[in-house]
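J.: As input, take input_1.pdb (PDB, C-alpha atoms):
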```
ATOM      1  CA  MET A   1     -30.213   3.836 -17.984  1.00  0.00           C
ATOM      2  CA  GLY A   2     -33.941   4.600 -17.679  1.00  0.00           C
ATOM      3  CA  ARG A   3     -33.976   6.249 -21.107  1.00  0.00           C
ATOM      4  CA  ILE A   4     -32.395   3.172 -22.659  1.00  0.00           C
ATOM      5  CA  ASN A   5     -35.029   0.920 -21.066  1.00  0.00           C
ATOM      6  CA  ASP A   6     -37.763   3.181 -22.417  1.00  0.00           C
ATOM      7  CA  GLU A   7     -36.280   2.839 -25.918  1.00  0.00           C
ATOM      8  CA  LEU A   8     -36.271  -0.950 -25.587  1.00  0.00           C
ATOM      9  CA  HIS A   9     -39.907  -1.062 -24.457  1.00  0.00           C
ATOM     10  CA  SER A  10     -41.072   1.341 -27.164  1.00  0.00           C
ATOM     11  CA  ALA A  11     -39.381  -0.628 -29.950  1.00  0.00           C
ATOM     12  CA  ASP A  12     -41.582  -3.460 -31.297  1.00  0.00           C
ATOM     13  CA  GLU A  13     -40.622  -6.506 -33.301  1.00  0.00           C
ATOM     14  CA  GLN A  14     -40.918  -4.490 -36.522  1.00  0.00           C
ATOM     15  CA  GLN A  15     -38.080  -2.151 -35.427  1.00  0.00           C
ATOM     16  CA  PRO A  16     -34.973  -4.367 -35.058  1.00  0.00           C
ATOM     17  CA  ALA A  17     -32.634  -1.439 -35.797  1.00  0.00           C
ATOM     18  CA  ALA A  18     -34.066   0.501 -32.852  1.00  0.00           C
ATOM     19  CA  VAL A  19     -33.656  -2.526 -30.598  1.00  0.00           C
ATOM     20  CA  LEU A  20     -30.032  -2.934 -31.679  1.00  0.00           C
ATOM     21  CA  ARG A  21     -29.335   0.732 -31.048  1.00  0.00           C
ATOM     22  CA  ALA A  22     -30.822   0.481 -27.567  1.00  0.00           C
ATOM     23  CA  VAL A  23     -28.861  -2.686 -26.799  1.00  0.00           C
ATOM     24  CA  ASP A  24     -25.655  -1.047 -28.047  1.00  0.00           C
ATOM     25  CA  LYS A  25     -26.301   1.944 -25.767  1.00  0.00           C
ATOM     26  CA  LEU A  26     -26.903  -0.444 -22.882  1.00  0.00           C
ATOM     27  CA  ILE A  27     -23.591  -2.210 -23.528  1.00  0.00           C
ATOM     28  CA  GLN A  28     -21.737   1.128 -23.725  1.00  0.00           C
ATOM     29  CA  PHE A  29     -23.391   2.257 -20.494  1.00  0.00           C
ATOM     30  CA  ASN A  30     -22.320  -0.937 -18.705  1.00  0.00           C
ATOM     31  CA  GLU A  31     -18.768  -0.522 -20.006  1.00  0.00           C
ATOM     32  CA  ARG A  32     -18.615   3.049 -18.686  1.00  0.00           C
ATOM     33  CA  MET A  33     -19.946   1.939 -15.314  1.00  0.00           C
ATOM     34  CA  GLN A  34     -17.386  -0.891 -15.159  1.00  0.00           C
ATOM     35  CA  HIS A  35     -14.578   1.531 -16.048  1.00  0.00           C
ATOM     36  CA  GLN A  36     -15.702   3.934 -13.310  1.00  0.00           C
ATOM     37  CA  LEU A  37     -15.870   1.052 -10.833  1.00  0.00           C
ATOM     38  CA  ASN A  38     -12.371  -0.142 -11.765  1.00  0.00           C
ATOM     39  CA  THR A  39     -11.030   3.404 -11.433  1.00  0.00           C
ATOM     40  CA  ALA A  40     -12.627   3.786  -8.008  1.00  0.00           C
ATOM     41  CA  GLU A  41     -11.173   0.455  -6.868  1.00  0.00           C
ATOM     42  CA  GLU A  42      -7.700   1.465  -8.088  1.00  0.00           C
ATOM     43  CA  LYS A  43      -7.937   4.753  -6.175  1.00  0.00           C
ATOM     44  CA  LEU A  44      -8.986   2.915  -2.998  1.00  0.00           C
ATOM     45  CA  GLU A  45      -6.119   0.432  -3.377  1.00  0.00           C
ATOM     46  CA  ASP A  46      -3.660   3.281  -3.952  1.00  0.00           C
ATOM     47  CA  GLN A  47      -4.939   5.112  -0.869  1.00  0.00           C
ATOM     48  CA  ALA A  48      -4.620   1.913   1.175  1.00  0.00           C
ATOM     49  CA  ARG A  49      -1.019   1.451  -0.016  1.00  0.00           C
ATOM     50  CA  GLN A  50      -0.221   5.059   0.912  1.00  0.00           C
ATOM     51  CA  ILE A  51      -1.695   4.589   4.388  1.00  0.00           C
ATOM     52  CA  VAL A  52       0.396   1.448   4.939  1.00  0.00           C
ATOM     53  CA  SER A  53       3.498   3.179   3.562  1.00  0.00           C
ATOM     54  CA  HIS A  54       3.037   6.178   5.843  1.00  0.00           C
ATOM     55  CA  ALA A  55       2.489   3.894   8.836  1.00  0.00           C
ATOM     56  CA  VAL A  56       5.705   2.001   8.057  1.00  0.00           C
ATOM     57  CA  GLU A  57       7.651   5.255   7.595  1.00  0.00           C
ATOM     58  CA  ALA A  58       6.344   6.546  10.922  1.00  0.00           C
ATOM     59  CA  HIS A  59       7.853   3.518  12.680  1.00  0.00           C
ATOM     60  CA  THR A  60      11.062   3.132  10.654  1.00  0.00           C
ATOM     61  CA  ASP A  61      14.464   4.776  10.961  1.00  0.00           C
ATOM     62  CA  ALA A  62      15.312   6.269   7.572  1.00  0.00           C
ATOM     63  CA  LEU A  63      19.082   5.692   7.787  1.00  0.00           C
ATOM     64  CA  THR A  64      19.289   2.088   8.978  1.00  0.00           C
ATOM     65  CA  GLY A  65      15.891   0.723   7.981  1.00  0.00           C
ATOM     66  CA  LEU A  66      15.393  -0.538  11.542  1.00  0.00           C
ATOM     67  CA  ALA A  67      12.390   0.190  13.699  1.00  0.00           C
ATOM     68  CA  ASN A  68      12.569   3.579  15.391  1.00  0.00           C
ATOM     69  CA  ARG A  69      12.111   4.576  19.025  1.00  0.00           C
ATOM     70  CA  ARG A  70       8.349   4.940  18.696  1.00  0.00           C
ATOM     71  CA  ALA A  71       7.995   1.392  17.399  1.00  0.00           C
ATOM     72  CA  PHE A  72      10.342  -0.021  20.040  1.00  0.00           C
ATOM     73  CA  ASP A  73       8.546   1.686  22.914  1.00  0.00           C
ATOM     74  CA  SER A  74       5.282   0.177  21.679  1.00  0.00           C
ATOM     75  CA  GLU A  75       6.864  -3.303  21.453  1.00  0.00           C
ATOM     76  CA  LEU A  76       8.471  -2.913  24.871  1.00  0.00           C
ATOM     77  CA  ASN A  77       5.126  -1.968  26.386  1.00  0.00           C
ATOM     78  CA  ARG A  78       3.539  -5.122  24.895  1.00  0.00           C
ATOM     79  CA  ALA A  79       6.370  -7.248  26.270  1.00  0.00           C
ATOM     80  CA  TYR A  80       5.927  -5.659  29.681  1.00  0.00           C
ATOM     81  CA  ARG A  81       2.213  -6.504  29.631  1.00  0.00           C
ATOM     82  CA  ALA A  82       3.062 -10.080  28.650  1.00  0.00           C
ATOM     83  CA  SER A  83       5.496 -10.349  31.562  1.00  0.00           C
ATOM     84  CA  ILE A  84       2.712  -9.246  33.904  1.00  0.00           C
ATOM     85  CA  ASP A  85       0.215 -11.721  32.411  1.00  0.00           C
ATOM     86  CA  CYS A  86       2.403 -14.820  32.154  1.00  0.00           C
ATOM     87  CA  GLY A  87       5.828 -13.985  33.555  1.00  0.00           C
ATOM     88  CA  ALA A  88       7.579 -14.523  30.216  1.00  0.00           C
ATOM     89  CA  PRO A  89      11.308 -13.760  30.675  1.00  0.00           C
ATOM     90  CA  THR A  90      12.339 -10.872  28.443  1.00  0.00           C
ATOM     91  CA  LEU A  91      15.632  -8.940  28.376  1.00  0.00           C
ATOM     92  CA  VAL A  92      16.227  -5.369  27.240  1.00  0.00           C
ATOM     93  CA  MET A  93      19.599  -4.296  25.814  1.00  0.00           C
ATOM     94  CA  MET A  94      20.952  -0.843  25.105  1.00  0.00           C
ATOM     95  CA  ILE A  95      23.897  -0.617  22.679  1.00  0.00           C
ATOM     96  CA  ASP A  96      26.039   2.461  22.162  1.00  0.00           C
ATOM     97  CA  VAL A  97      28.939   3.100  19.768  1.00  0.00           C
ATOM     98  CA  ASP A  98      32.081   4.009  21.692  1.00  0.00           C
ATOM     99  CA  HIS A  99      33.566   7.447  20.936  1.00  0.00           C
ATOM    100  CA  PHE A 100      31.105   7.993  18.079  1.00  0.00           C
ATOM    101  CA  LYS A 101      31.439  11.784  18.198  1.00  0.00           C
ATOM    102  CA  SER A 102      35.145  11.484  17.433  1.00  0.00           C
ATOM    103  CA  VAL A 103      34.287   9.254  14.450  1.00  0.00           C
ATOM    104  CA  ASN A 104      32.121  12.005  12.971  1.00  0.00           C
ATOM    105  CA  ASP A 105      34.607  14.731  13.860  1.00  0.00           C
ATOM    106  CA  THR A 106      37.630  12.865  12.465  1.00  0.00           C
ATOM    107  CA  TYR A 107      36.241  11.011   9.464  1.00  0.00           C
ATOM    108  CA  GLY A 108      33.065  12.935   8.629  1.00  0.00           C
ATOM    109  CA  HIS A 109      29.387  12.091   8.782  1.00  0.00           C
ATOM    110  CA  ALA A 110      29.531   9.876   5.676  1.00  0.00           C
ATOM    111  CA  LEU A 111      31.639   7.335   7.523  1.00  0.00           C
ATOM    112  CA  GLY A 112      29.604   7.887  10.667  1.00  0.00           C
ATOM    113  CA  ASP A 113      26.427   6.981   8.780  1.00  0.00           C
ATOM    114  CA  GLU A 114      28.153   3.961   7.282  1.00  0.00           C
ATOM    115  CA  VAL A 115      29.110   2.789  10.777  1.00  0.00           C
ATOM    116  CA  LEU A 116      25.494   2.999  11.922  1.00  0.00           C
ATOM    117  CA  LYS A 117      24.153   1.174   8.862  1.00  0.00           C
ATOM    118  CA  ARG A 118      26.770  -1.568   9.092  1.00  0.00           C
ATOM    119  CA  LEU A 119      26.246  -1.904  12.820  1.00  0.00           C
ATOM    120  CA  SER A 120      22.514  -2.378  12.322  1.00  0.00           C
ATOM    121  CA  HIS A 121      23.239  -5.365  10.047  1.00  0.00           C
ATOM    122  CA  LEU A 122      25.764  -6.865  12.450  1.00  0.00           C
ATOM    123  CA  ILE A 123      23.271  -6.676  15.309  1.00  0.00           C
ATOM    124  CA  GLN A 124      20.505  -8.267  13.248  1.00  0.00           C
ATOM    125  CA  GLU A 125      22.752 -11.136  12.207  1.00  0.00           C
ATOM    126  CA  GLU A 126      23.125 -12.198  15.846  1.00  0.00           C
ATOM    127  CA  LEU A 127      19.420 -12.009  16.683  1.00  0.00           C
ATOM    128  CA  ARG A 128      16.549 -14.473  16.308  1.00  0.00           C
ATOM    129  CA  PRO A 129      13.442 -13.764  14.221  1.00  0.00           C
ATOM    130  CA  LEU A 130      11.396 -13.141  17.388  1.00  0.00           C
ATOM    131  CA  ASP A 131      13.833 -10.510  18.728  1.00  0.00           C
ATOM    132  CA  HIS A 132      13.311  -6.790  18.133  1.00  0.00           C
ATOM    133  CA  VAL A 133      15.968  -4.177  17.412  1.00  0.00           C
ATOM    134  CA  CYS A 134      15.652  -0.462  16.793  1.00  0.00           C
ATOM    135  CA  ARG A 135      17.785   2.604  16.357  1.00  0.00           C
ATOM    136  CA  TYR A 136      16.816   4.329  19.568  1.00  0.00           C
ATOM    137  CA  GLY A 137      18.498   7.618  18.758  1.00  0.00           C
ATOM    138  CA  GLY A 138      21.829   8.905  17.474  1.00  0.00           C
ATOM    139  CA  GLU A 139      24.402   6.127  17.871  1.00  0.00           C
ATOM    140  CA  GLU A 140      22.255   4.183  20.344  1.00  0.00           C
ATOM    141  CA  PHE A 141      20.375   0.957  19.582  1.00  0.00           C
ATOM    142  CA  ALA A 142      17.856  -0.954  21.698  1.00  0.00           C
ATOM    143  CA  VAL A 143      17.112  -4.675  21.566  1.00  0.00           C
ATOM    144  CA  LEU A 144      14.266  -6.715  23.022  1.00  0.00           C
ATOM    145  CA  LEU A 145      14.955 -10.428  23.653  1.00  0.00           C
ATOM    146  CA  PRO A 146      11.756 -12.376  24.443  1.00  0.00           C
ATOM    147  CA  ASN A 147      11.977 -15.735  26.232  1.00  0.00           C
ATOM    148  CA  THR A 148      15.604 -15.127  27.162  1.00  0.00           C
ATOM    149  CA  SER A 149      17.441 -15.672  30.425  1.00  0.00           C
ATOM    150  CA  ILE A 150      20.067 -13.313  31.808  1.00  0.00           C
ATOM    151  CA  GLY A 151      22.757 -15.764  30.717  1.00  0.00           C
ATOM    152  CA  GLY A 152      21.274 -15.987  27.240  1.00  0.00           C
ATOM    153  CA  ALA A 153      21.181 -12.212  26.965  1.00  0.00           C
ATOM    154  CA  PHE A 154      24.820 -11.959  28.002  1.00  0.00           C
ATOM    155  CA  SER A 155      25.816 -14.533  25.348  1.00  0.00           C
ATOM    156  CA  THR A 156      23.886 -12.648  22.650  1.00  0.00           C
ATOM    157  CA  ALA A 157      25.384  -9.326  23.706  1.00  0.00           C
ATOM    158  CA  GLU A 158      28.898 -10.787  23.663  1.00  0.00           C
ATOM    159  CA  ARG A 159      28.398 -12.190  20.160  1.00  0.00           C
ATOM    160  CA  ILE A 160      27.276  -8.771  18.950  1.00  0.00           C
ATOM    161  CA  ARG A 161      30.173  -6.998  20.669  1.00  0.00           C
ATOM    162  CA  GLN A 162      32.773  -9.388  19.258  1.00  0.00           C
ATOM    163  CA  SER A 163      31.245  -9.267  15.776  1.00  0.00           C
ATOM    164  CA  VAL A 164      31.527  -5.474  15.758  1.00  0.00           C
ATOM    165  CA  ARG A 165      35.089  -5.587  17.125  1.00  0.00           C
ATOM    166  CA  ARG A 166      36.188  -7.936  14.310  1.00  0.00           C
ATOM    167  CA  SER A 167      34.605  -5.849  11.564  1.00  0.00           C
ATOM    168  CA  LYS A 168      36.207  -3.136   9.480  1.00  0.00           C
ATOM    169  CA  PHE A 169      34.099  -0.097   8.699  1.00  0.00           C
ATOM    170  CA  THR A 170      34.866   1.741   5.475  1.00  0.00           C
ATOM    171  CA  ALA A 171      33.574   4.708   3.476  1.00  0.00           C
ATOM    172  CA  ASP A 172      35.283   6.842   0.834  1.00  0.00           C
ATOM    173  CA  LYS A 173      38.410   4.649   1.054  1.00  0.00           C
ATOM    174  CA  GLN A 174      38.669   5.308   4.780  1.00  0.00           C
ATOM    175  CA  SER A 175      38.464   2.513   7.333  1.00  0.00           C
ATOM    176  CA  LEU A 176      38.471   2.248  11.089  1.00  0.00           C
ATOM    177  CA  GLU A 177      37.809  -0.168  13.924  1.00  0.00           C
ATOM    178  CA  VAL A 178      34.699   0.319  16.008  1.00  0.00           C
ATOM    179  CA  SER A 179      33.724  -0.942  19.437  1.00  0.00           C
ATOM    180  CA  ILE A 180      30.427  -0.874  21.307  1.00  0.00           C
ATOM    181  CA  SER A 181      29.290  -0.967  24.904  1.00  0.00           C
ATOM    182  CA  ILE A 182      26.160  -2.865  25.951  1.00  0.00           C
ATOM    183  CA  GLY A 183      23.922  -2.732  29.003  1.00  0.00           C
ATOM    184  CA  ALA A 184      21.141  -5.263  29.594  1.00  0.00           C
ATOM    185  CA  THR A 185      18.485  -6.051  32.208  1.00  0.00           C
ATOM    186  CA  PRO A 186      15.340  -8.189  32.458  1.00  0.00           C
ATOM    187  CA  LEU A 187      11.815  -6.896  32.351  1.00  0.00           C
ATOM    188  CA  ASP A 188      10.120  -7.363  35.702  1.00  0.00           C
ATOM    189  CA  GLU A 189       6.375  -7.634  36.280  1.00  0.00           C
ATOM    190  CA  ARG A 190       6.917  -5.813  39.587  1.00  0.00           C
ATOM    191  CA  ASP A 191       8.055  -2.681  37.753  1.00  0.00           C
ATOM    192  CA  GLN A 192       5.502   0.118  37.897  1.00  0.00           C
ATOM    193  CA  GLN A 193       6.115   1.056  34.244  1.00  0.00           C
ATOM    194  CA  TYR A 194       7.678  -0.678  31.246  1.00  0.00           C
ATOM    195  CA  ASN A 195      10.333   2.006  30.842  1.00  0.00           C
ATOM    196  CA  GLU A 196      11.835   1.215  34.259  1.00  0.00           C
ATOM    197  CA  ALA A 197      13.641  -1.718  32.630  1.00  0.00           C
ATOM    198  CA  LEU A 198      14.864   0.580  29.891  1.00  0.00           C
ATOM    199  CA  ALA A 199      16.287   2.923  32.523  1.00  0.00           C
ATOM    200  CA  ARG A 200      18.087  -0.008  34.193  1.00  0.00           C
ATOM    201  CA  ALA A 201      19.549  -1.125  30.864  1.00  0.00           C
ATOM    202  CA  ASP A 202      20.718   2.429  30.219  1.00  0.00           C
ATOM    203  CA  LYS A 203      22.324   2.528  33.662  1.00  0.00           C
ATOM    204  CA  ALA A 204      24.103  -0.778  32.923  1.00  0.00           C
ATOM    205  CA  LEU A 205      25.302   0.737  29.640  1.00  0.00           C
ATOM    206  CA  TYR A 206      26.692   3.718  31.538  1.00  0.00           C
ATOM    207  CA  GLU A 207      28.493   1.300  33.863  1.00  0.00           C
ATOM    208  CA  ALA A 208      30.037  -0.454  30.857  1.00  0.00           C
ATOM    209  CA  LYS A 209      31.302   2.920  29.642  1.00  0.00           C
ATOM    210  CA  GLN A 210      32.722   3.718  33.071  1.00  0.00           C
ATOM    211  CA  LEU A 211      34.539   0.373  33.192  1.00  0.00           C
ATOM    212  CA  GLY A 212      36.441   1.170  30.001  1.00  0.00           C
ATOM    213  CA  ARG A 213      33.943   0.607  27.147  1.00  0.00           C
ATOM    214  CA  ASP A 214      33.950  -2.300  24.667  1.00  0.00           C
ATOM    215  CA  ARG A 215      32.200  -4.547  27.167  1.00  0.00           C
ATOM    216  CA  VAL A 216      28.857  -5.952  28.320  1.00  0.00           C
ATOM    217  CA  VAL A 217      27.218  -5.293  31.679  1.00  0.00           C
ATOM    218  CA  VAL A 218      24.058  -7.189  32.604  1.00  0.00           C
ATOM    219  CA  SER A 219      22.142  -5.803  35.572  1.00  0.00           C
ATOM    220  CA  PRO A 220      19.539  -7.883  37.422  1.00  0.00           C
ATOM    221  CA  SER A 221      16.136  -6.443  38.150  1.00  0.00           C
ATOM    222  CA  ARG A 222      16.205  -3.909  40.979  1.00  0.00           C
ATOM    223  CA  HIS A 223      13.849  -6.289  42.803  1.00  0.00           C
ATOM    224  CA  GLU A 224      16.523  -9.008  42.712  1.00  0.00           C
ATOM    225  CA  LYS A 225      19.362  -6.947  44.165  1.00  0.00           C
TER     226      LYS A 225
END
```
Rewrite the structure from the file as structure tokens, please.

T.:
Amino acid sequence: MGRINDELHSADEQQPAAVLRAVDKLIQFNERMQHQLNTAEEKLEDQARQIVSHAVEAHTDALTGLANRRAFDSELNRAYRASIDCGAPTLVMMIDVDHFKSVNDTYGHALGDEVLKRLSHLIQEELRPLDHVCRYGGEEFAVLLPNTSIGGAFSTAERIRQSVRRSKFTADKQSLEVSISIGATPLDERDQQYNEALARADKALYEAKQLGRDRVVVSPSRHEK
């Protein structure tokens, strides 16, 4: 750039060809700089997209496309903090596929995976935009219902359970009926940790299994018993 400026200053009015050559070099230099700038911007944008993609993958279940346990625990912790700050009623649900091991053993993992993917859609169809659902692990799903009463949570859980019961699950020309058990409990600002509610919901789920499966059990907060 400095050399080009020197050429422009050294060229007088009697040397138009030299001036044109210097101007042409200046234009070419600016074009190269613009190209380098555009390339750098494209690399930065690509790196930003990769960072976002990796962040999404880190919080997403690969099979169902739902949030994973890590993402749900983070959301549950935020909801717990909100319940402490303003007492917002929030319910936690745990959903488990009944006899899922026998599904895999009898029909194979292809149908087992299809059950989990289909179930994730059925759950989402019964939820509101502000609700959160994740695949918590294996055949277990977790749901967070903000601004929901115990009665409202029971109604939502029943809709999900009945929707699954009515559905046919198929893969490789095989079909079967599937049922789920659901346990639910409210978050409580008196809990010492956010995962205490999750443990209560899991205990309610276990109770639903003990009572014969294919049912909903809603447990009040341990402080309300």

J.: With the PyMOL selection byres ((chain A and resi 62-68) around 12) as the selection, what would be picked from this file? Answer as a compact mmCIF listing (two decimals) with C-alpha atoms, in the coordinates of the input, please.

T.:
```txt
# COMPACT_ATOMS: atom_id res chain seq x y z
CA ALA A 55 2.49 3.89 8.84
CA VAL A 56 5.70 2.00 8.06
CA GLU A 57 7.65 5.26 7.60
CA ALA A 58 6.34 6.55 10.92
CA HIS A 59 7.85 3.52 12.68
CA THR A 60 11.06 3.13 10.65
CA ASP A 61 14.46 4.78 10.96
CA ARG A 69 12.11 4.58 19.02
CA ARG A 70 8.35 4.94 18.70
CA ALA A 71 8.00 1.39 17.40
CA PHE A 72 10.34 -0.02 20.04
CA ASP A 73 8.55 1.69 22.91
CA SER A 74 5.28 0.18 21.68
CA GLU A 75 6.86 -3.30 21.45
CA ALA A 110 29.53 9.88 5.68
CA GLY A 112 29.60 7.89 10.67
CA ASP A 113 26.43 6.98 8.78
CA GLU A 114 28.15 3.96 7.28
CA VAL A 115 29.11 2.79 10.78
CA LEU A 116 25.49 3.00 11.92
CA LYS A 117 24.15 1.17 8.86
CA ARG A 118 26.77 -1.57 9.09
CA LEU A 119 26.25 -1.90 12.82
CA SER A 120 22.51 -2.38 12.32
CA HIS A 121 23.24 -5.36 10.05
CA LEU A 122 25.76 -6.86 12.45
CA ILE A 123 23.27 -6.68 15.31
CA GLN A 124 20.50 -8.27 13.25
CA ASP A 131 13.83 -10.51 18.73
CA HIS A 132 13.31 -6.79 18.13
CA VAL A 133 15.97 -4.18 17.41
CA CYS A 134 15.65 -0.46 16.79
CA ARG A 135 17.78 2.60 16.36
CA TYR A 136 16.82 4.33 19.57
CA GLY A 137 18.50 7.62 18.76
CA GLY A 138 21.83 8.90 17.47
CA GLU A 139 24.40 6.13 17.87
CA GLU A 140 22.26 4.18 20.34
CA PHE A 141 20.38 0.96 19.58
CA ALA A 142 17.86 -0.95 21.70
CA VAL A 143 17.11 -4.68 21.57
CA LEU A 144 14.27 -6.72 23.02
```

J.: Need the shell around Ala82 (chain A): protein/DNA/RNA residues with any atom at most 12 Å away, counting all atoms listed in the file. Skip same-chain ones fewer than 4 positions apart. Format as a PyMOL selection string?

T.: chain A and resi 75-78+86-90+146-147+187-189+194

J.: By how many Å are CA of Arg128 (chain A) and CA of Arg200 (chain A) apart?

T.: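 Interatomic distance here is 23.1 Å.
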
J.: Between CA of Met94 (chain A) and CA of Ala157 (chain A), measure the distance and give it in Å to one decimal.

T.: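 Straight-line distance from CA of Met94 (chain A) to CA of Ala157 (chain A) works out to 9.7 Å.
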
J.: Could you check how far CA of Asp96 (chain A) sits from CA of Phe154 (chain A), in Å to one decimal?

T.: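 So the two atoms, CA of Asp96 (chain A) and CA of Phe154 (chain A), lie 15.6 Å apart.
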
J.: For region 156-180 of chain A versus region 204-218 of chain A, which residues have an atom no more than 10 Å away, and what is each residue's nearest atom pair and distance in Å rounded to one decimal, using all atoms listed in the file, chain-then-number order, as JSON lines?

T.:
```
{"residue": "A:Ala157", "atom": "CA", "partner": "A:Val216", "partner_atom": "CA", "distance": 6.7}
{"residue": "A:Glu158", "atom": "CA", "partner": "A:Val216", "partner_atom": "CA", "distance": 6.7}
{"residue": "A:Ile160", "atom": "CA", "partner": "A:Val216", "partner_atom": "CA", "distance": 9.9}
{"residue": "A:Arg161", "atom": "CA", "partner": "A:Asp214", "partner_atom": "CA", "distance": 7.2}
{"residue": "A:Gln162", "atom": "CA", "partner": "A:Asp214", "partner_atom": "CA", "distance": 9.0}
{"residue": "A:Val164", "atom": "CA", "partner": "A:Asp214", "partner_atom": "CA", "distance": 9.8}
{"residue": "A:Arg165", "atom": "CA", "partner": "A:Asp214", "partner_atom": "CA", "distance": 8.3}
{"residue": "A:Val178", "atom": "CA", "partner": "A:Asp214", "partner_atom": "CA", "distance": 9.1}
{"residue": "A:Ser179", "atom": "CA", "partner": "A:Asp214", "partner_atom": "CA", "distance": 5.4}
{"residue": "A:Ile180", "atom": "CA", "partner": "A:Asp214", "partner_atom": "CA", "distance": 5.1}
```

J.: Here is a test: counting only C-alpha atoms, which residue of A:Thr106, A:Ser221, A:Gly152, A:Arg159 is nearest to Arg190 (chain A)?

T.: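 Of A:Thr106, A:Ser221, A:Gly152, A:Arg159, the one nearest Arg190 (chain A), counting only C-alpha atoms, is A:Ser221.
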
J.: Complete region 65-70 of chain A at the level of all heavy atoms, written as a JSON list (two decimals), keeping the file's coordinate frame.

T.:
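As written to disk, rebuild_9.json reads:
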```
[["chain", "number", "residue", "atom", "x", "y", "z"],
["A", 65, "GLY", "N", 16.98, 1.61, 8.35],
["A", 65, "GLY", "CA", 15.89, 0.72, 7.98],
["A", 65, "GLY", "C", 15.34, -0.08, 9.15],
["A", 65, "GLY", "O", 14.42, -0.88, 8.98],
["A", 66, "LEU", "N", 15.90, 0.13, 10.35],
["A", 66, "LEU", "CA", 15.39, -0.54, 11.54],
["A", 66, "LEU", "C", 14.13, 0.15, 12.05],
["A", 66, "LEU", "O", 13.77, 1.24, 11.59],
["A", 66, "LEU", "CB", 16.45, -0.52, 12.65],
["A", 66, "LEU", "CG", 17.76, -1.25, 12.39],
["A", 66, "LEU", "CD1", 18.69, -1.06, 13.58],
["A", 66, "LEU", "CD2", 17.54, -2.73, 12.14],
["A", 67, "ALA", "N", 13.48, -0.48, 13.00],
["A", 67, "ALA", "CA", 12.39, 0.19, 13.70],
["A", 67, "ALA", "C", 12.96, 1.40, 14.43],
["A", 67, "ALA", "O", 14.15, 1.44, 14.76],
["A", 67, "ALA", "CB", 11.73, -0.77, 14.69],
["A", 68, "ASN", "N", 12.11, 2.40, 14.66],
["A", 68, "ASN", "CA", 12.57, 3.58, 15.39],
["A", 68, "ASN", "C", 12.12, 3.51, 16.85],
["A", 68, "ASN", "O", 11.53, 2.52, 17.30],
["A", 68, "ASN", "CB", 12.09, 4.86, 14.72],
["A", 68, "ASN", "CG", 10.57, 4.95, 14.65],
["A", 68, "ASN", "OD1", 9.84, 4.24, 15.35],
["A", 68, "ASN", "ND2", 10.07, 5.83, 13.81],
["A", 69, "ARG", "N", 12.40, 4.56, 17.59],
["A", 69, "ARG", "CA", 12.11, 4.58, 19.02],
["A", 69, "ARG", "C", 10.63, 4.40, 19.30],
["A", 69, "ARG", "O", 10.23, 3.72, 20.24],
["A", 69, "ARG", "CB", 12.63, 5.88, 19.64],
["A", 69, "ARG", "CG", 12.37, 6.01, 21.11],
["A", 69, "ARG", "CD", 13.09, 7.22, 21.67],
["A", 69, "ARG", "NE", 12.89, 7.35, 23.12],
["A", 69, "ARG", "CZ", 13.60, 8.15, 23.90],
["A", 69, "ARG", "NH1", 14.55, 8.90, 23.38],
["A", 69, "ARG", "NH2", 13.35, 8.21, 25.19],
["A", 70, "ARG", "N", 9.79, 5.04, 18.49],
["A", 70, "ARG", "CA", 8.35, 4.94, 18.70],
["A", 70, "ARG", "C", 7.89, 3.48, 18.59],
["A", 70, "ARG", "O", 7.12, 3.01, 19.44],
["A", 70, "ARG", "CB", 7.61, 5.79, 17.65],
["A", 70, "ARG", "CG", 6.09, 5.70, 17.76],
["A", 70, "ARG", "CD", 5.43, 6.41, 16.59],
["A", 70, "ARG", "NE", 5.75, 7.83, 16.56],
["A", 70, "ARG", "CZ", 5.33, 8.66, 15.62],
["A", 70, "ARG", "NH1", 4.58, 8.20, 14.62],
["A", 70, "ARG", "NH2", 5.65, 9.93, 15.65]]
```
